[in-house]
file protein04.cif (mmCIF, C-alpha atoms)
data_data
loop_
_atom_site.group_PDB
_atom_site.id
_atom_site.type_symbol
_atom_site.label_atom_id
_atom_site.label_comp_id
_atom_site.auth_asym_id
_atom_site.auth_seq_id
_atom_site.Cartn_x
_atom_site.Cartn_y
_atom_site.Cartn_z
ATOM 1 C CA SER A 29 0.000 0.000 0.000
ATOM 2 C CA ASN A 30 1.020 3.650 -0.349
ATOM 3 C CA SER A 31 1.241 4.093 3.416
ATOM 4 C CA LEU A 32 3.531 1.084 3.743
ATOM 5 C CA GLN A 33 5.757 2.392 0.951
ATOM 6 C CA LEU A 34 5.956 5.772 2.675
ATOM 7 C CA ILE A 35 6.933 4.128 5.981
ATOM 8 C CA LEU A 36 9.565 2.079 4.153
ATOM 9 C CA ILE A 37 11.077 5.148 2.457
ATOM 10 C CA LEU A 38 11.191 7.161 5.668
ATOM 11 C CA THR A 39 12.663 4.244 7.580
ATOM 12 C CA LEU A 40 15.405 3.712 4.997
ATOM 13 C CA ILE A 41 16.349 7.372 5.292
ATOM 14 C CA MET A 42 16.372 7.427 9.099
ATOM 15 C CA ASN A 43 18.159 4.117 9.664
ATOM 16 C CA PRO A 44 20.868 2.808 7.299
ATOM 17 C CA ARG A 45 20.717 -0.575 9.039
ATOM 18 C CA ILE A 46 17.243 -1.099 7.581
ATOM 19 C CA ALA A 47 18.618 -0.279 4.147
ATOM 20 C CA ALA A 48 20.992 -3.207 4.533
ATOM 21 C CA TYR A 49 18.071 -5.497 5.289
ATOM 22 C CA ALA A 50 16.279 -4.324 2.141
ATOM 23 C CA VAL A 51 19.336 -4.900 -0.046
ATOM 24 C CA LEU A 52 19.666 -8.448 1.281
ATOM 25 C CA GLY A 53 16.115 -9.228 0.218
ATOM 26 C CA PHE A 54 14.126 -8.598 3.378
ATOM 27 C CA ARG A 55 10.938 -8.011 1.371
ATOM 28 C CA SER A 56 8.154 -9.667 3.314
ATOM 29 C CA THR A 57 5.597 -6.935 3.950
ATOM 30 C CA ALA A 58 4.296 -8.352 7.199
ATOM 31 C CA ALA A 59 7.728 -9.251 8.549
ATOM 32 C CA PHE A 60 9.295 -5.992 7.430
ATOM 33 C CA SER A 61 6.642 -3.702 8.884
ATOM 34 C CA GLY A 62 6.731 -5.492 12.217
ATOM 35 C CA HIS A 63 10.495 -6.006 12.487
ATOM 36 C CA PRO A 64 11.971 -4.625 15.734
ATOM 37 C CA LEU A 65 14.471 -2.493 13.809
ATOM 38 C CA VAL A 66 11.675 -0.714 11.967
ATOM 39 C CA LEU A 67 9.704 -0.120 15.130
ATOM 40 C CA GLN A 68 12.799 1.173 16.958
ATOM 41 C CA SER A 69 13.691 3.394 14.002
ATOM 42 C CA THR A 70 10.231 4.939 14.049
ATOM 43 C CA LEU A 71 10.535 5.657 17.760
ATOM 44 C CA ASN A 72 14.068 7.041 17.383
ATOM 45 C CA SER A 73 13.050 9.303 14.519
ATOM 46 C CA GLY A 74 10.468 10.949 16.734
ATOM 47 C CA ARG A 75 12.965 11.398 19.548
ATOM 48 C CA SER A 76 15.557 12.806 17.140
ATOM 49 C CA GLN A 77 13.120 15.341 15.759
ATOM 50 C CA ARG A 78 12.133 16.500 19.276
ATOM 51 C CA SER A 79 15.808 16.734 20.254
ATOM 52 C CA LEU A 80 16.644 18.759 17.131
ATOM 53 C CA THR A 81 13.748 21.140 17.775
ATOM 54 C CA GLN A 82 14.902 21.690 21.361
ATOM 55 C CA THR A 83 18.463 22.296 20.145
ATOM 56 C CA HIS A 84 17.366 25.125 17.853
ATOM 57 C CA LYS A 85 15.209 26.606 20.611
ATOM 58 C CA ASN A 86 18.188 26.729 22.956
ATOM 59 C CA MET A 87 20.650 27.986 20.296
ATOM 60 C CA SER A 88 22.751 24.993 21.255
ATOM 61 C CA THR A 89 26.512 25.283 21.665
ATOM 62 C CA SER A 90 26.977 21.757 20.316
ATOM 63 C CA THR A 91 26.447 22.253 16.598
ATOM 64 C CA ASP A 92 28.660 22.075 13.546
ATOM 65 C CA ASP A 93 26.792 24.904 11.841
ATOM 66 C CA ASN A 94 28.554 28.095 12.873
ATOM 67 C CA ASP A 95 25.657 30.191 11.583
ATOM 68 C CA VAL A 96 23.317 29.028 14.353
ATOM 69 C CA VAL A 97 25.713 29.660 17.236
ATOM 70 C CA ASP A 98 24.487 32.860 18.854
ATOM 71 C CA ILE A 99 27.810 34.081 20.246
ATOM 72 C CA ALA A 100 26.387 37.263 21.756
ATOM 73 C CA ALA A 101 23.638 35.371 23.569
ATOM 74 C CA ASN A 102 26.048 32.689 24.769
ATOM 75 C CA ILE A 103 28.560 35.191 26.128
ATOM 76 C CA GLY A 104 25.762 37.131 27.753
ATOM 77 C CA HIS A 105 24.590 33.958 29.459
ATOM 78 C CA VAL A 106 28.092 33.094 30.655
ATOM 79 C CA ARG A 107 28.654 36.589 32.001
ATOM 80 C CA GLN A 108 25.346 36.472 33.846
ATOM 81 C CA MET A 109 26.317 33.161 35.415
ATOM 82 C CA MET A 110 29.647 34.686 36.403
ATOM 83 C CA ASP A 111 27.927 37.708 37.914
ATOM 84 C CA ASP A 112 25.621 35.453 39.915
ATOM 85 C CA ALA A 113 28.531 33.402 41.244
ATOM 86 C CA ILE A 114 30.521 36.542 42.092
ATOM 87 C CA ALA A 115 27.560 38.071 43.912
ATOM 88 C CA SER A 116 26.910 34.846 45.835
ATOM 89 C CA SER A 117 30.555 34.843 46.942
ATOM 90 C CA GLU A 118 30.324 38.505 47.955
ATOM 91 C CA ARG A 119 33.231 39.438 45.721
ATOM 92 C CA GLN A 120 33.785 42.578 43.669
ATOM 93 C CA SER A 121 32.023 42.594 40.310
ATOM 94 C CA ASP A 122 35.251 42.953 38.316
ATOM 95 C CA SER A 123 37.246 40.395 40.275
ATOM 96 C CA VAL A 124 36.996 37.566 37.707
ATOM 97 C CA ARG A 125 38.217 37.602 34.096
ATOM 98 C CA LEU A 126 36.534 35.656 31.317
ATOM 99 C CA VAL A 127 38.955 34.028 28.879
ATOM 100 C CA ALA A 128 37.050 32.843 25.812
ATOM 101 C CA VAL A 129 38.691 29.606 24.684
ATOM 102 C CA SER A 130 38.543 29.755 20.900
ATOM 103 C CA LYS A 131 40.726 26.829 19.835
ATOM 104 C CA THR A 132 39.745 25.321 16.460
ATOM 105 C CA LYS A 133 37.133 28.044 15.960
ATOM 106 C CA PRO A 134 36.986 30.194 12.801
ATOM 107 C CA LEU A 135 37.807 33.880 12.907
ATOM 108 C CA GLU A 136 34.227 34.968 12.322
ATOM 109 C CA LEU A 137 33.178 33.470 15.647
ATOM 110 C CA LEU A 138 36.044 35.194 17.445
ATOM 111 C CA GLN A 139 35.062 38.444 15.774
ATOM 112 C CA ALA A 140 31.485 37.981 16.944
ATOM 113 C CA ALA A 141 32.750 37.544 20.499
ATOM 114 C CA TYR A 142 35.008 40.570 20.112
ATOM 115 C CA GLU A 143 32.033 42.669 19.074
ATOM 116 C CA THR A 144 30.353 41.927 22.411
ATOM 117 C CA GLY A 145 33.336 43.470 24.190
ATOM 118 C CA GLN A 146 35.276 40.258 24.784
ATOM 119 C CA ARG A 147 39.018 40.917 24.683
ATOM 120 C CA HIS A 148 40.714 37.940 26.383
ATOM 121 C CA PHE A 149 40.970 34.828 24.206
ATOM 122 C CA GLY A 150 42.615 31.492 24.961
ATOM 123 C CA GLU A 151 44.305 29.189 22.466
ATOM 124 C CA ASN A 152 45.829 25.719 22.906
ATOM 125 C CA TYR A 153 48.004 25.486 19.813
ATOM 126 C CA ALA A 154 50.902 27.798 19.042
ATOM 127 C CA GLN A 155 50.442 27.760 15.269
ATOM 128 C CA GLU A 156 46.758 28.580 15.562
ATOM 129 C CA LEU A 157 47.363 31.422 18.006
ATOM 130 C CA MET A 158 50.033 32.935 15.789
ATOM 131 C CA ALA A 159 47.749 32.827 12.747
ATOM 132 C CA LYS A 160 44.759 34.311 14.557
ATOM 133 C CA SER A 161 46.755 37.049 16.283
ATOM 134 C CA VAL A 162 47.639 38.524 12.894
ATOM 135 C CA GLU A 163 43.994 38.663 11.812
ATOM 136 C CA MET A 164 42.303 39.825 15.015
ATOM 137 C CA PRO A 165 42.406 43.433 16.334
ATOM 138 C CA ASP A 166 45.540 44.523 18.168
ATOM 139 C CA ASP A 167 43.778 45.085 21.499
ATOM 140 C CA VAL A 168 43.031 41.372 21.927
ATOM 141 C CA ALA A 169 44.887 39.865 24.891
ATOM 142 C CA TRP A 170 45.970 36.318 24.030
ATOM 143 C CA HIS A 171 46.355 33.581 26.646
ATOM 144 C CA PHE A 172 48.219 30.446 25.668
ATOM 145 C CA ILE A 173 46.584 27.624 27.634
ATOM 146 C CA GLY A 174 47.879 24.429 26.019
ATOM 147 C CA PRO A 175 51.086 22.403 26.173
ATOM 148 C CA LEU A 176 53.856 24.482 24.618
ATOM 149 C CA GLN A 177 56.836 22.767 23.023
ATOM 150 C CA SER A 178 60.055 24.589 23.834
ATOM 151 C CA ASN A 179 60.901 24.949 20.131
ATOM 152 C CA LYS A 180 57.676 26.947 19.644
ATOM 153 C CA ALA A 181 58.525 29.475 22.375
ATOM 154 C CA ALA A 182 60.581 31.841 20.215
ATOM 155 C CA PRO A 183 58.220 31.857 17.189
ATOM 156 C CA LEU A 184 55.228 32.436 19.452
ATOM 157 C CA VAL A 185 56.755 35.432 21.205
ATOM 158 C CA LYS A 186 58.174 36.870 17.980
ATOM 159 C CA THR A 187 54.947 36.545 15.978
ATOM 160 C CA VAL A 188 52.381 37.597 18.577
ATOM 161 C CA GLY A 189 54.572 40.082 20.445
ATOM 162 C CA LEU A 190 54.461 41.172 24.048
ATOM 163 C CA ASP A 191 51.875 43.853 23.350
ATOM 164 C CA LYS A 192 49.308 41.175 22.549
ATOM 165 C CA LEU A 193 50.584 38.004 24.268
ATOM 166 C CA ALA A 194 49.131 38.475 27.732
ATOM 167 C CA CYS A 195 50.140 35.227 29.364
ATOM 168 C CA ILE A 196 51.492 31.698 28.972
ATOM 169 C CA GLU A 197 49.399 29.744 31.478
ATOM 170 C CA THR A 198 51.105 26.350 31.210
ATOM 171 C CA ILE A 199 54.613 26.663 32.630
ATOM 172 C CA SER A 200 55.722 23.538 34.460
ATOM 173 C CA THR A 201 59.466 23.255 33.668
ATOM 174 C CA ILE A 202 62.492 25.500 33.960
ATOM 175 C CA LYS A 203 63.458 24.464 30.409
ATOM 176 C CA LEU A 204 60.362 26.056 28.901
ATOM 177 C CA ALA A 205 60.673 29.103 31.153
ATOM 178 C CA ALA A 206 64.283 29.622 30.064
ATOM 179 C CA LYS A 207 63.332 29.350 26.383
ATOM 180 C CA LEU A 208 60.609 31.945 26.840
ATOM 181 C CA ASN A 209 62.929 34.204 28.792
ATOM 182 C CA ARG A 210 65.437 34.217 25.904
ATOM 183 C CA ALA A 211 62.631 34.811 23.406
ATOM 184 C CA VAL A 212 61.439 37.812 25.412
ATOM 185 C CA ASP A 213 64.963 39.222 25.556
ATOM 186 C CA THR A 214 65.259 38.874 21.785
ATOM 187 C CA TRP A 215 61.905 40.582 21.246
ATOM 188 C CA ASN A 216 62.867 43.446 23.541
ATOM 189 C CA GLU A 217 66.189 43.923 21.730
ATOM 190 C CA ALA A 218 64.349 44.281 18.440
ATOM 191 C CA SER A 219 61.750 46.623 19.903
ATOM 192 C CA SER A 220 62.290 50.363 20.099
ATOM 193 C CA GLY A 221 60.077 50.780 23.137
ATOM 194 C CA GLU A 222 60.524 50.108 26.815
ATOM 195 C CA ALA A 223 61.483 46.553 27.728
ATOM 196 C CA LYS A 224 58.522 44.366 28.660
ATOM 197 C CA LYS A 225 58.085 41.176 30.646
ATOM 198 C CA LEU A 226 55.982 38.188 29.629
ATOM 199 C CA GLY A 227 53.351 37.098 32.110
ATOM 200 C CA ILE A 228 53.281 33.419 33.024
ATOM 201 C CA TYR A 229 51.236 31.116 35.242
ATOM 202 C CA ILE A 230 52.633 27.992 36.838
ATOM 203 C CA GLN A 231 50.496 24.999 35.908
ATOM 204 C CA VAL A 232 49.775 22.753 38.885
ATOM 205 C CA ASN A 233 48.536 19.173 38.616
ATOM 206 C CA THR A 234 46.054 19.380 41.476
ATOM 207 C CA SER A 235 44.304 16.089 40.658
ATOM 208 C CA GLY A 236 47.378 13.883 40.517
ATOM 209 C CA GLU A 237 46.201 12.360 37.234
ATOM 210 C CA GLU A 238 48.955 11.051 34.973
ATOM 211 C CA THR A 239 47.127 12.409 31.943
ATOM 212 C CA LYS A 240 47.306 15.970 33.271
ATOM 213 C CA SER A 241 50.303 18.251 32.911
ATOM 214 C CA GLY A 242 51.648 20.420 35.668
ATOM 215 C CA VAL A 243 53.853 20.530 38.724
ATOM 216 C CA THR A 244 53.020 18.540 41.830
ATOM 217 C CA PRO A 245 51.542 20.733 44.592
ATOM 218 C CA GLY A 246 53.806 21.624 47.486
ATOM 219 C CA ALA A 247 57.570 21.790 47.415
ATOM 220 C CA GLN A 248 57.874 21.241 43.638
ATOM 221 C CA VAL A 249 55.760 24.286 42.880
ATOM 222 C CA CYS A 250 57.723 26.452 45.282
ATOM 223 C CA ASP A 251 61.070 25.200 43.979
ATOM 224 C CA LEU A 252 60.105 25.952 40.370
ATOM 225 C CA VAL A 253 58.816 29.406 41.270
ATOM 226 C CA LYS A 254 62.033 30.199 43.110
ATOM 227 C CA GLN A 255 64.188 28.994 40.222
ATOM 228 C CA ILE A 256 62.245 30.947 37.598
ATOM 229 C CA SER A 257 62.246 34.120 39.680
ATOM 230 C CA GLU A 258 66.037 33.900 40.022
ATOM 231 C CA GLU A 259 66.978 32.736 36.513
ATOM 232 C CA CYS A 260 64.322 34.276 34.237
ATOM 233 C CA PRO A 261 64.143 38.016 34.937
ATOM 234 C CA SER A 262 62.161 38.711 31.764
ATOM 235 C CA LEU A 263 59.239 36.599 32.972
ATOM 236 C CA SER A 264 56.628 37.760 35.447
ATOM 237 C CA ILE A 265 55.057 35.029 37.586
ATOM 238 C CA ASP A 266 51.508 36.341 37.697
ATOM 239 C CA GLY A 267 49.636 33.356 39.056
ATOM 240 C CA LEU A 268 48.798 29.668 39.006
ATOM 241 C CA MET A 269 46.668 27.548 36.716
ATOM 242 C CA THR A 270 45.037 24.141 36.991
ATOM 243 C CA ILE A 271 42.670 21.969 34.987
ATOM 244 C CA GLY A 272 41.612 19.678 37.792
ATOM 245 C CA ALA A 273 39.516 16.530 37.648
ATOM 246 C CA PRO A 274 35.883 16.794 36.536
ATOM 247 C CA GLY A 275 33.615 16.974 39.557
ATOM 248 C CA ASP A 276 36.469 17.227 42.051
ATOM 249 C CA ASP A 277 36.091 20.678 43.596
ATOM 250 C CA SER A 278 38.964 20.024 45.992
ATOM 251 C CA CYS A 279 41.346 20.707 43.088
ATOM 252 C CA PHE A 280 40.383 24.380 43.353
ATOM 253 C CA ASP A 281 41.115 24.378 47.074
ATOM 254 C CA THR A 282 44.507 22.825 46.395
ATOM 255 C CA LEU A 283 45.413 25.556 43.913
ATOM 256 C CA ALA A 284 44.400 28.252 46.399
ATOM 257 C CA GLU A 285 46.648 26.639 49.009
ATOM 258 C CA CYS A 286 49.512 26.568 46.506
ATOM 259 C CA ARG A 287 49.017 30.290 45.927
ATOM 260 C CA ASP A 288 49.542 30.973 49.619
ATOM 261 C CA GLU A 289 52.824 29.062 49.517
ATOM 262 C CA VAL A 290 53.995 30.730 46.298
ATOM 263 C CA ALA A 291 53.199 34.167 47.701
ATOM 264 C CA LYS A 292 55.649 33.506 50.520
ATOM 265 C CA VAL A 293 58.360 32.557 48.025
ATOM 266 C CA LEU A 294 57.746 35.705 45.977
ATOM 267 C CA ASP A 295 57.291 37.863 49.083
ATOM 268 C CA CYS A 296 53.909 39.169 48.000
ATOM 269 C CA GLU A 297 50.293 38.977 49.092
ATOM 270 C CA PRO A 298 48.331 35.931 47.834
ATOM 271 C CA GLU A 299 45.712 38.245 46.331
ATOM 272 C CA GLU A 300 48.381 39.639 43.995
ATOM 273 C CA LEU A 301 48.561 36.276 42.241
ATOM 274 C CA GLU A 302 45.943 35.041 39.772
ATOM 275 C CA LEU A 303 44.067 31.757 40.073
ATOM 276 C CA SER A 304 43.188 30.466 36.602
ATOM 277 C CA MET A 305 40.736 27.629 37.197
ATOM 278 C CA GLY A 306 37.290 26.602 36.089
ATOM 279 C CA MET A 307 35.957 25.788 32.624
ATOM 280 C CA SER A 308 32.559 25.488 30.956
ATOM 281 C CA GLY A 309 31.251 22.836 33.329
ATOM 282 C CA ASP A 310 32.472 24.201 36.646
ATOM 283 C CA PHE A 311 33.435 27.875 36.401
ATOM 284 C CA GLN A 312 30.759 28.948 38.896
ATOM 285 C CA VAL A 313 32.187 26.568 41.492
ATOM 286 C CA ALA A 314 35.689 27.808 40.696
ATOM 287 C CA ILE A 315 34.580 31.400 41.279
ATOM 288 C CA ALA A 316 33.153 30.420 44.640
ATOM 289 C CA LYS A 317 36.553 28.872 45.432
ATOM 290 C CA GLY A 318 38.452 32.049 44.526
ATOM 291 C CA ALA A 319 39.136 31.917 40.789
ATOM 292 C CA THR A 320 40.231 35.215 39.258
ATOM 293 C CA SER A 321 40.246 33.894 35.676
ATOM 294 C CA VAL A 322 37.939 31.284 34.122
ATOM 295 C CA ARG A 323 38.446 29.588 30.757
ATOM 296 C CA VAL A 324 35.168 28.987 28.912
ATOM 297 C CA GLY A 325 35.046 27.547 25.412
ATOM 298 C CA SER A 326 32.263 25.245 24.220
ATOM 299 C CA THR A 327 29.569 27.085 26.169
ATOM 300 C CA ILE A 328 30.396 30.154 24.084
ATOM 301 C CA PHE A 329 31.527 28.792 20.712
ATOM 302 C CA GLY A 330 29.949 25.354 20.471
ATOM 303 C CA ALA A 331 31.488 21.925 20.035
ATOM 304 C CA ARG A 332 35.002 21.908 18.615
ATOM 305 C CA ASP A 333 35.996 20.668 15.167
ATOM 306 C CA TYR A 334 39.548 19.319 15.001
ATOM 307 C CA SER A 335 39.357 18.100 11.399
ATOM 308 C CA ASN A 336 41.182 21.017 9.776
ATOM 309 C CA LEU A 337 43.426 22.032 12.645
ATOM 310 C CA ALA A 338 46.955 23.130 11.745
ATOM 311 C CA LYS A 339 49.139 22.407 14.734
#
call {"tool": "encode", "arguments": {"input": "protein04.cif", "output": "structure tokens"}}
result
Amino acid sequence: SNSLQLILILTLIMNPRIAAYAVLGFRSTAAFSGHPLVLQSTLNSGRSQRSLTQTHKNMSTSTDDNDVVDIAANIGHVRQMMDDAIASSERQSDSVRLVAVSKTKPLELLQAAYETGQRHFGENYAQELMAKSVEMPDDVAWHFIGPLQSNKAAPLVKTVGLDKLACIETISTIKLAAKLNRAVDTWNEASSGEAKKLGIYIQVNTSGEETKSGVTPGAQVCDLVKQISEECPSLSIDGLMTIGAPGDDSCFDTLAECRDEVAKVLDCEPEELELSMGMSGDFQVAIAKGATSVRVGSTIFGARDYSNLAK
């Protein structure tokens, strides 16, 4: 019948597995219409349509179509959530910085964020940051938040420059610090202006996970801070950074404790040092725990596409 043919066509479109059955000769009308795969496909198609409708209603951040990502609305939502968390913690309204993590995202999405007033952007790959820094306005402050190979230190500093490279947040070895220090010296020698320092954060592995980078909390953090402060005068240790384990809020407490210890080494007040912690899923908790900088990506820009990434 026509209705059966229509069901068959729709089912073939929605579920490739049914197509395989048809190709193999699964032609019995009664058996085909009542087969569990057909029934499940019909149910799934309804669920998929409802899910898709809800996605468009929410202007979902998890879409491959850049045109439907409402950057202004997403940033507005994130900022409101930040304001709520700041107010609940009885902190000053300007005490937390939003770093928009734009790795793998096209320039038009960064520009859309820029047009809302966003100026701090975070990138995980040196090559990508260098390319984007040339295209974006000069008043963007770039944060490097990924693993940095020591051989990329000099090109990164030279290309982006100290006027735009706000901070390297992932320092965990004296080798990398020394490479950056030399790169900064070279940049300053070529610059006609006043000598500048490069801001850095010490990355701390607060969760103890082997898959996470960073220095072990305690003596190792203090030893590295002391060594960098003595041997790398062109670097400014501005704070600490951690990724932490999902759902483990104690990682934020650990970083705050490390800041107290580092402040003693640097002979400064703990509040003078930044705490970069908290991402899309937990930045409100991080703010409650004392974060001064949160790194939010997918909630603003949508799911990431690594297919065309040039590392």
call {"tool": "closest_residue", "arguments": {"input": "protein04.cif", "among": "A:Ile173, A:Leu252, A:Ala218, A:Leu184", "to": "Val293 in chain A", "atoms": "all atoms listed in the file"}}
result
A:Leu252
call {"tool": "closest_residue", "arguments": {"input": "protein04.cif", "among": "A:Asp122, A:Glu237, A:Glu259, A:Asp112", "to": "Ile202 in chain A", "atoms": "only C-alpha atoms"}}
result
A:Glu259
call {"tool": "resolve_selection", "arguments": {"input": "protein04.cif", "expression": "the PyMOL selection byres ((chain A and resi 254-256) around 10)", "output": "list in words"}}
result
Thr201, Ile202, Lys203, Ala205, Ala206, Asn209, Gln248, Val249, Cys250, Asp251, Leu252, Val253, Ser257, Glu258, Glu259, Cys260, Pro261, Ser262, Leu263, Ser264, Ile265, Val290, Val293 and Leu294 of chain A
call {"tool": "axis_aligned_box", "arguments": {"input": "protein04.cif", "around": "range 169-181 of chain A", "padding_each_side": "8 Å", "output": "AutoDock Vina command-line options"}}
result
--center_x 52.9 --center_y 31.1 --center_z 23.6 --size_x 32.0 --size_y 33.5 --size_z 24.0
call {"tool": "residues_around", "arguments": {"input": "protein04.cif", "residues": "Val243 in chain A", "least_positions_apart": "5", "cutoff": "8 Å", "atoms": "all atoms listed in the file", "output": "list in words"}}
result
Ser200, Ile230, Gln231, Val232, Asn233, Gln248 and Val249 of chain A
